[in-house]
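Trainee: Sharing a structure here in structure tokens format.
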Amino acid sequence: MDQFAIEAIHLNKTFHSRQGFFKRRLKSTLAVEDVSFTVERGELFGLLGPNGAGKTTTVKMLTTLLLPTAGTANVLGMDVVKQTAEVRRHIGFAFSGSRGLYNRLTAIQNLRYFAELYALDPEVSRKRIPELLERMGLGDRGDDRVETYSSGMVQRLHIARAMLHDPELLFLDEPTVGIDPVGSRELRQIIKDLISLGKTILLTTHYMAEAEELCGRIAIIKKGKIVALDSPDALKRRISGDSIIEASIKAHQAQALLDQLKSMDEKTSIEWRNSAEPEMLSIRTPEPARVIELLSPYLNSEHILGLEVRNQTLEDVYVSIIQGEEA
Amino acid sequence: MSGLSWGLVHEQMTVQIRVRTLNVFSLALYVFQPAVFTAVGMLLSRAAGNATPDLVYSVIGGGIMGMWSGIVFTSTYDITGDRRNGMLELIVGSPTPLATVEGIRTLANVISGLFSIAVAFIAAMAIFGFSLSGVNVWGAVVSFLLLLFSLWCIGVFLANFLAWSRLSGTFVDYLEMPIAFLCGFMYPIRILPGWVQVISGFIPVRWALEAMNESLLGNTDLRFLVIHWLAAIGISLAFLFITRQLQDKVHDSIRVSGELSSI
């Protein structure tokens with residue numbers, strides 16, 4: 001058995017389109033460039049990046065929905081270009097949003113249809129559909145039309161659909177996008193449950209807390225290229241040991257505080273956000289104790305309304321990488 | 001068609017009829033379209049000086065026209081709608097070949113189109129007094145079955161073309177009326193200029209329809225009918241062969257262009 005559930009080797013994808021009415025010009029867009037990574041069996045791997053970074057294009061190449069322009073990819077030991085039909089039988093995928101279901105049909109009717117597309121034995125699908133609906137918390141809504149479902153319910157139904165043929169490997173593309181916090185939490189629990197069942201999952205998201213909570217390893221993709229790949233903790237360590245001090249301040253008091261912090265060297269960076277009340281000072285520093293000491297005369301209701309010191313989060317790392325401070 | 005099973009046929013037909021046919025808009029289309037075409041046919045027939053309406057070409061022809069429009073409209077919407085709502089990706093990403101799904105869906109569309117024909121026949125018989133006496137019933141039945149088969153073959157061909165690109169739907173819409181014009185849905189094909197008849201000879205529907213109309217008018221010339229039936233079968237199979245040759249290319253092409261999805 002192949003060690004890796006996914007092995008992407010120098011994947012490239014370029015889209016070509018024609019522009020212009022009379023004089024047709026060929027325009028090429030490089031969506032994914034030289035992407036290589038591996039995902040081990042049973043791992044929950046995160047692919048993070050801003051909109052248009054190439055996450056979905058990468059997933060679509062791995063799920064056989066797009067042909068790579070160059071490079072190769074093996075999924076469960078099978079080549080995604082040469083063994084398309086085999087790959088499709090062994091993977092499941094769910095894309096975000098309300099697309100991908102017939103809204104005028106009930107959940108059970110939708111699942112029954114996909115069970116046939118995946119050539120499931122009728123006996124198996126009769127048993128599995130109610131089981132999956134139950135597991136996704138939709139047991140009592142199976143006979144309702146999908147058009148009556150909330151976004152969270154639709155997303156859970158997508159996962160149920162992707163799980164119908166009990167695939168070893170699941171691709172979940174931004175599963176919690178547009179879902180309220182309670183729904184997101186339920187979905188994250190479902191994803192954790194799937195991992196405990198031994199499934200391998202490739203998850204794309206741009207919610208850092210979600211990636212930090214769920215993923216064993218994370219690849220950050222920017223403009224089609226992987227710019228960082230490691231565990232969340234290692235990524236956080238990679239950027240620096242800086243702390244973040246967030247101070248909420250009274251209006252028109254920022255200048256006094258900025259003057260007070262002038263003595264800090266260039267390793268400390270200060271961001272002043274004054275677009276909303278209260279104004280905020282965000283101070284990234286390797287010397288949090290010294291900053292607090294400098295600010296202490298101002299820790300009163302006339303200047304600083306609140307102060308929070310925290311370590312850097314994955315989101316800080318992500319923003320730092322995406323904004324190009326580290327690549 | 002690989003991946004074909006009775007369960008898939010049943011489920012796909014059920015989905016197709018629930019999603020595409022059983023809604024007010026589609027049902028109205030299947031009744032409204034033939035009614036409009038029939039009315040136009042009868043007005044033209046009257047303008048040509050006929051004392052009684054031409055039931056075969058005007059009334060039943062209107063039904064055929066409605067059926068054809070329904071098939072074109074639904075087949076186009078099948079792919080463009082699925083492309084828009086993300087279903088096309090999920091179907092292509094499943095182990096069942098898209099060609100198999102298209103074949104079953106087109107069959108469901110042809111069967112749904114029977115509603116138009118039924119409405120037209122009922123109108124011809126109940127309102128205009130059309131009678132089966134003098135009709136070559138067996139000739140008409142065989143021709144009608146071949147008409148359905150040739151419509152299915154054209155539908156499968158179009159479905160494959162529609163899957164190829166987001167723009168294909170527009171071109172298929174353009175084909176609706178020219179095909180109806182070329183196949184003589186509402187008039188005898190012999191009134192068309194010779195060169196147009198040559199072009200229409202490449203469309204299988206034309207042969208099956210001409211045999212059906214002649215049978216309804218009482219033609220029992222077996223040689224005439226057999227030639228038309230064989231032409232309908234032969235050209236339909238040619239369409240299927242071409243479709244089969246193109247299916248793999250379309251499957252690869254849409255995965256290169258990324259046109260499985262509309263976003």
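A note on labels: chains of the structure tokens are A, B, ... as shown, every chain counts residues from 1, and ligands are counted from 1 in their shown order.
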Up to 9 Å from chain B, what residues of chain A turn up? Count only C-alpha atoms and give them as a PyMOL selection string.
Mentor: chain A and resi 13-17+61+63-69+84-89+92-95+98-105+109-110+112-119+122
Trainee: Next, write the just-selected residues to a file, as a compact mmCIF listing (two decimals), in the first residue's frame, keeping N, CA and C atoms as the atom set.
Mentor:
```
# COMPACT_ATOMS: atom_id res chain seq x y z
N LYS A 13 -1.06 24.50 -13.38
CA LYS A 13 -2.29 24.64 -14.15
C LYS A 13 -2.37 26.04 -14.74
N THR A 14 -2.47 26.09 -16.04
CA THR A 14 -2.63 27.36 -16.74
C THR A 14 -3.96 27.33 -17.47
N PHE A 15 -4.75 28.37 -17.30
CA PHE A 15 -6.00 28.49 -18.04
C PHE A 15 -5.80 29.43 -19.21
N HIS A 16 -6.37 29.06 -20.34
CA HIS A 16 -6.27 29.92 -21.53
C HIS A 16 -7.65 30.43 -21.87
N SER A 17 -7.73 31.71 -22.19
CA SER A 17 -9.01 32.24 -22.66
C SER A 17 -8.74 33.22 -23.79
N MET A 61 -7.68 19.48 -9.48
CA MET A 61 -6.75 18.59 -10.20
C MET A 61 -6.64 17.25 -9.47
N THR A 63 -8.87 15.87 -7.67
CA THR A 63 -10.14 15.12 -7.74
C THR A 63 -10.53 14.79 -9.18
N THR A 64 -9.61 14.95 -10.11
CA THR A 64 -9.77 14.61 -11.54
C THR A 64 -10.72 15.54 -12.29
N LEU A 65 -11.11 16.65 -11.70
CA LEU A 65 -12.04 17.56 -12.38
C LEU A 65 -11.30 18.53 -13.29
N LEU A 66 -10.01 18.64 -13.11
CA LEU A 66 -9.18 19.45 -14.00
C LEU A 66 -7.94 18.64 -14.37
N LEU A 67 -7.50 18.81 -15.59
CA LEU A 67 -6.25 18.16 -16.00
C LEU A 67 -5.08 19.10 -15.74
N PRO A 68 -4.03 18.65 -15.07
CA PRO A 68 -2.88 19.53 -14.86
C PRO A 68 -2.23 19.89 -16.20
N THR A 69 -1.69 21.10 -16.28
CA THR A 69 -0.94 21.49 -17.48
C THR A 69 0.43 20.81 -17.45
N THR A 84 -8.19 7.87 -13.98
CA THR A 84 -9.28 8.76 -13.57
C THR A 84 -10.45 7.99 -12.94
N ALA A 85 -10.93 6.98 -13.63
CA ALA A 85 -12.13 6.27 -13.15
C ALA A 85 -11.86 5.62 -11.79
N GLU A 86 -10.67 5.02 -11.63
CA GLU A 86 -10.32 4.37 -10.37
C GLU A 86 -10.26 5.39 -9.23
N VAL A 87 -9.62 6.53 -9.52
CA VAL A 87 -9.50 7.57 -8.49
C VAL A 87 -10.90 7.99 -8.04
N ARG A 88 -11.78 8.23 -9.00
CA ARG A 88 -13.13 8.71 -8.67
C ARG A 88 -13.90 7.74 -7.77
N ARG A 89 -13.63 6.45 -7.94
CA ARG A 89 -14.32 5.46 -7.13
C ARG A 89 -13.88 5.52 -5.66
N GLY A 92 -13.90 11.10 -2.10
CA GLY A 92 -15.13 11.88 -1.99
C GLY A 92 -14.75 13.34 -1.93
N PHE A 93 -15.60 14.20 -2.44
CA PHE A 93 -15.29 15.63 -2.35
C PHE A 93 -16.54 16.45 -2.17
N ALA A 94 -16.39 17.53 -1.43
CA ALA A 94 -17.53 18.43 -1.20
C ALA A 94 -17.04 19.86 -1.35
N PHE A 95 -17.72 20.60 -2.21
CA PHE A 95 -17.38 22.01 -2.38
C PHE A 95 -18.33 22.85 -1.55
N SER A 98 -24.27 26.41 -1.59
CA SER A 98 -25.50 25.66 -1.81
C SER A 98 -25.49 24.93 -3.15
N ARG A 99 -24.39 25.10 -3.93
CA ARG A 99 -24.33 24.44 -5.21
C ARG A 99 -24.06 22.94 -5.03
N GLY A 100 -24.46 22.16 -6.04
CA GLY A 100 -24.13 20.75 -5.99
C GLY A 100 -25.19 19.86 -5.40
N LEU A 101 -26.40 20.37 -5.31
CA LEU A 101 -27.52 19.55 -4.87
C LEU A 101 -28.75 19.99 -5.65
N TYR A 102 -29.69 19.11 -5.85
CA TYR A 102 -30.95 19.51 -6.47
C TYR A 102 -31.89 20.02 -5.37
N ASN A 103 -32.10 21.34 -5.37
CA ASN A 103 -32.87 21.96 -4.28
C ASN A 103 -34.32 21.51 -4.23
N ARG A 104 -34.86 21.09 -5.38
CA ARG A 104 -36.28 20.71 -5.39
C ARG A 104 -36.47 19.26 -4.93
N LEU A 105 -35.36 18.58 -4.69
CA LEU A 105 -35.46 17.21 -4.19
C LEU A 105 -35.17 17.19 -2.69
N GLN A 109 -33.67 11.92 -1.53
CA GLN A 109 -33.70 11.76 -3.00
C GLN A 109 -32.35 12.13 -3.61
N ASN A 110 -31.75 13.20 -3.11
CA ASN A 110 -30.42 13.59 -3.60
C ASN A 110 -29.40 12.49 -3.33
N ARG A 112 -29.92 9.34 -2.77
CA ARG A 112 -30.22 8.12 -3.53
C ARG A 112 -29.67 8.24 -4.96
N TYR A 113 -29.81 9.44 -5.51
CA TYR A 113 -29.30 9.68 -6.86
C TYR A 113 -27.78 9.49 -6.91
N PHE A 114 -27.10 10.10 -5.94
CA PHE A 114 -25.64 9.98 -5.94
C PHE A 114 -25.20 8.55 -5.61
N ALA A 115 -26.00 7.85 -4.82
CA ALA A 115 -25.66 6.44 -4.53
C ALA A 115 -25.65 5.65 -5.84
N GLU A 116 -26.56 5.96 -6.74
CA GLU A 116 -26.59 5.26 -8.03
C GLU A 116 -25.41 5.69 -8.90
N LEU A 117 -25.08 7.00 -8.86
CA LEU A 117 -23.92 7.46 -9.65
C LEU A 117 -22.64 6.77 -9.18
N TYR A 118 -22.59 6.42 -7.89
CA TYR A 118 -21.41 5.74 -7.37
C TYR A 118 -21.60 4.22 -7.35
N ALA A 119 -22.66 3.77 -8.05
CA ALA A 119 -22.93 2.34 -8.22
C ALA A 119 -22.96 1.59 -6.89
N PRO A 122 -27.90 -1.43 -3.80
CA PRO A 122 -29.12 -0.86 -3.21
C PRO A 122 -29.27 -1.18 -1.71
```
Trainee: Would you mind writing down, as number ranges by chain, each residue of segment 150-311 of chain A that DSSP on the backbone assigns to helix (DSSP H, G or I)?
Mentor: A: 151-163, 181-196, 208-214, 232-239, 254-260, 288-298
Trainee: Would you mind listing what lies within 7 Å of segment 169-178 of chain A as a PyMOL selection string, with only C-alpha atoms counted and same-chain residues fewer than 5 positions away left out?
Mentor: chain A and resi 56+91-96+155+184+199-205
Trainee: Give me a file of those residues, with C-alpha atoms, as an mmCIF file, in the first residue's frame.
Mentor:
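New file out23.cif:
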```cif
data_model
loop_
_atom_site.group_PDB
_atom_site.id
_atom_site.type_symbol
_atom_site.label_atom_id
_atom_site.label_comp_id
_atom_site.auth_asym_id
_atom_site.auth_seq_id
_atom_site.Cartn_x
_atom_site.Cartn_y
_atom_site.Cartn_z
ATOM 1 C CA THR A 56 -9.662 25.057 -5.387
ATOM 2 C CA ILE A 91 -12.375 9.592 -3.199
ATOM 3 C CA GLY A 92 -15.132 11.885 -1.990
ATOM 4 C CA PHE A 93 -15.285 15.630 -2.350
ATOM 5 C CA ALA A 94 -17.528 18.434 -1.202
ATOM 6 C CA PHE A 95 -17.377 22.009 -2.378
ATOM 7 C CA SER A 96 -18.718 24.925 -0.390
ATOM 8 C CA GLN A 155 -22.965 21.776 4.034
ATOM 9 C CA SER A 184 -19.184 25.843 12.009
ATOM 10 C CA LYS A 199 -10.292 8.968 6.907
ATOM 11 C CA THR A 200 -7.693 11.169 5.253
ATOM 12 C CA ILE A 201 -8.903 14.716 4.678
ATOM 13 C CA LEU A 202 -7.600 17.566 2.601
ATOM 14 C CA LEU A 203 -9.294 20.704 3.837
ATOM 15 C CA THR A 204 -9.127 24.107 2.214
ATOM 16 C CA THR A 205 -10.091 27.099 4.269
#
```
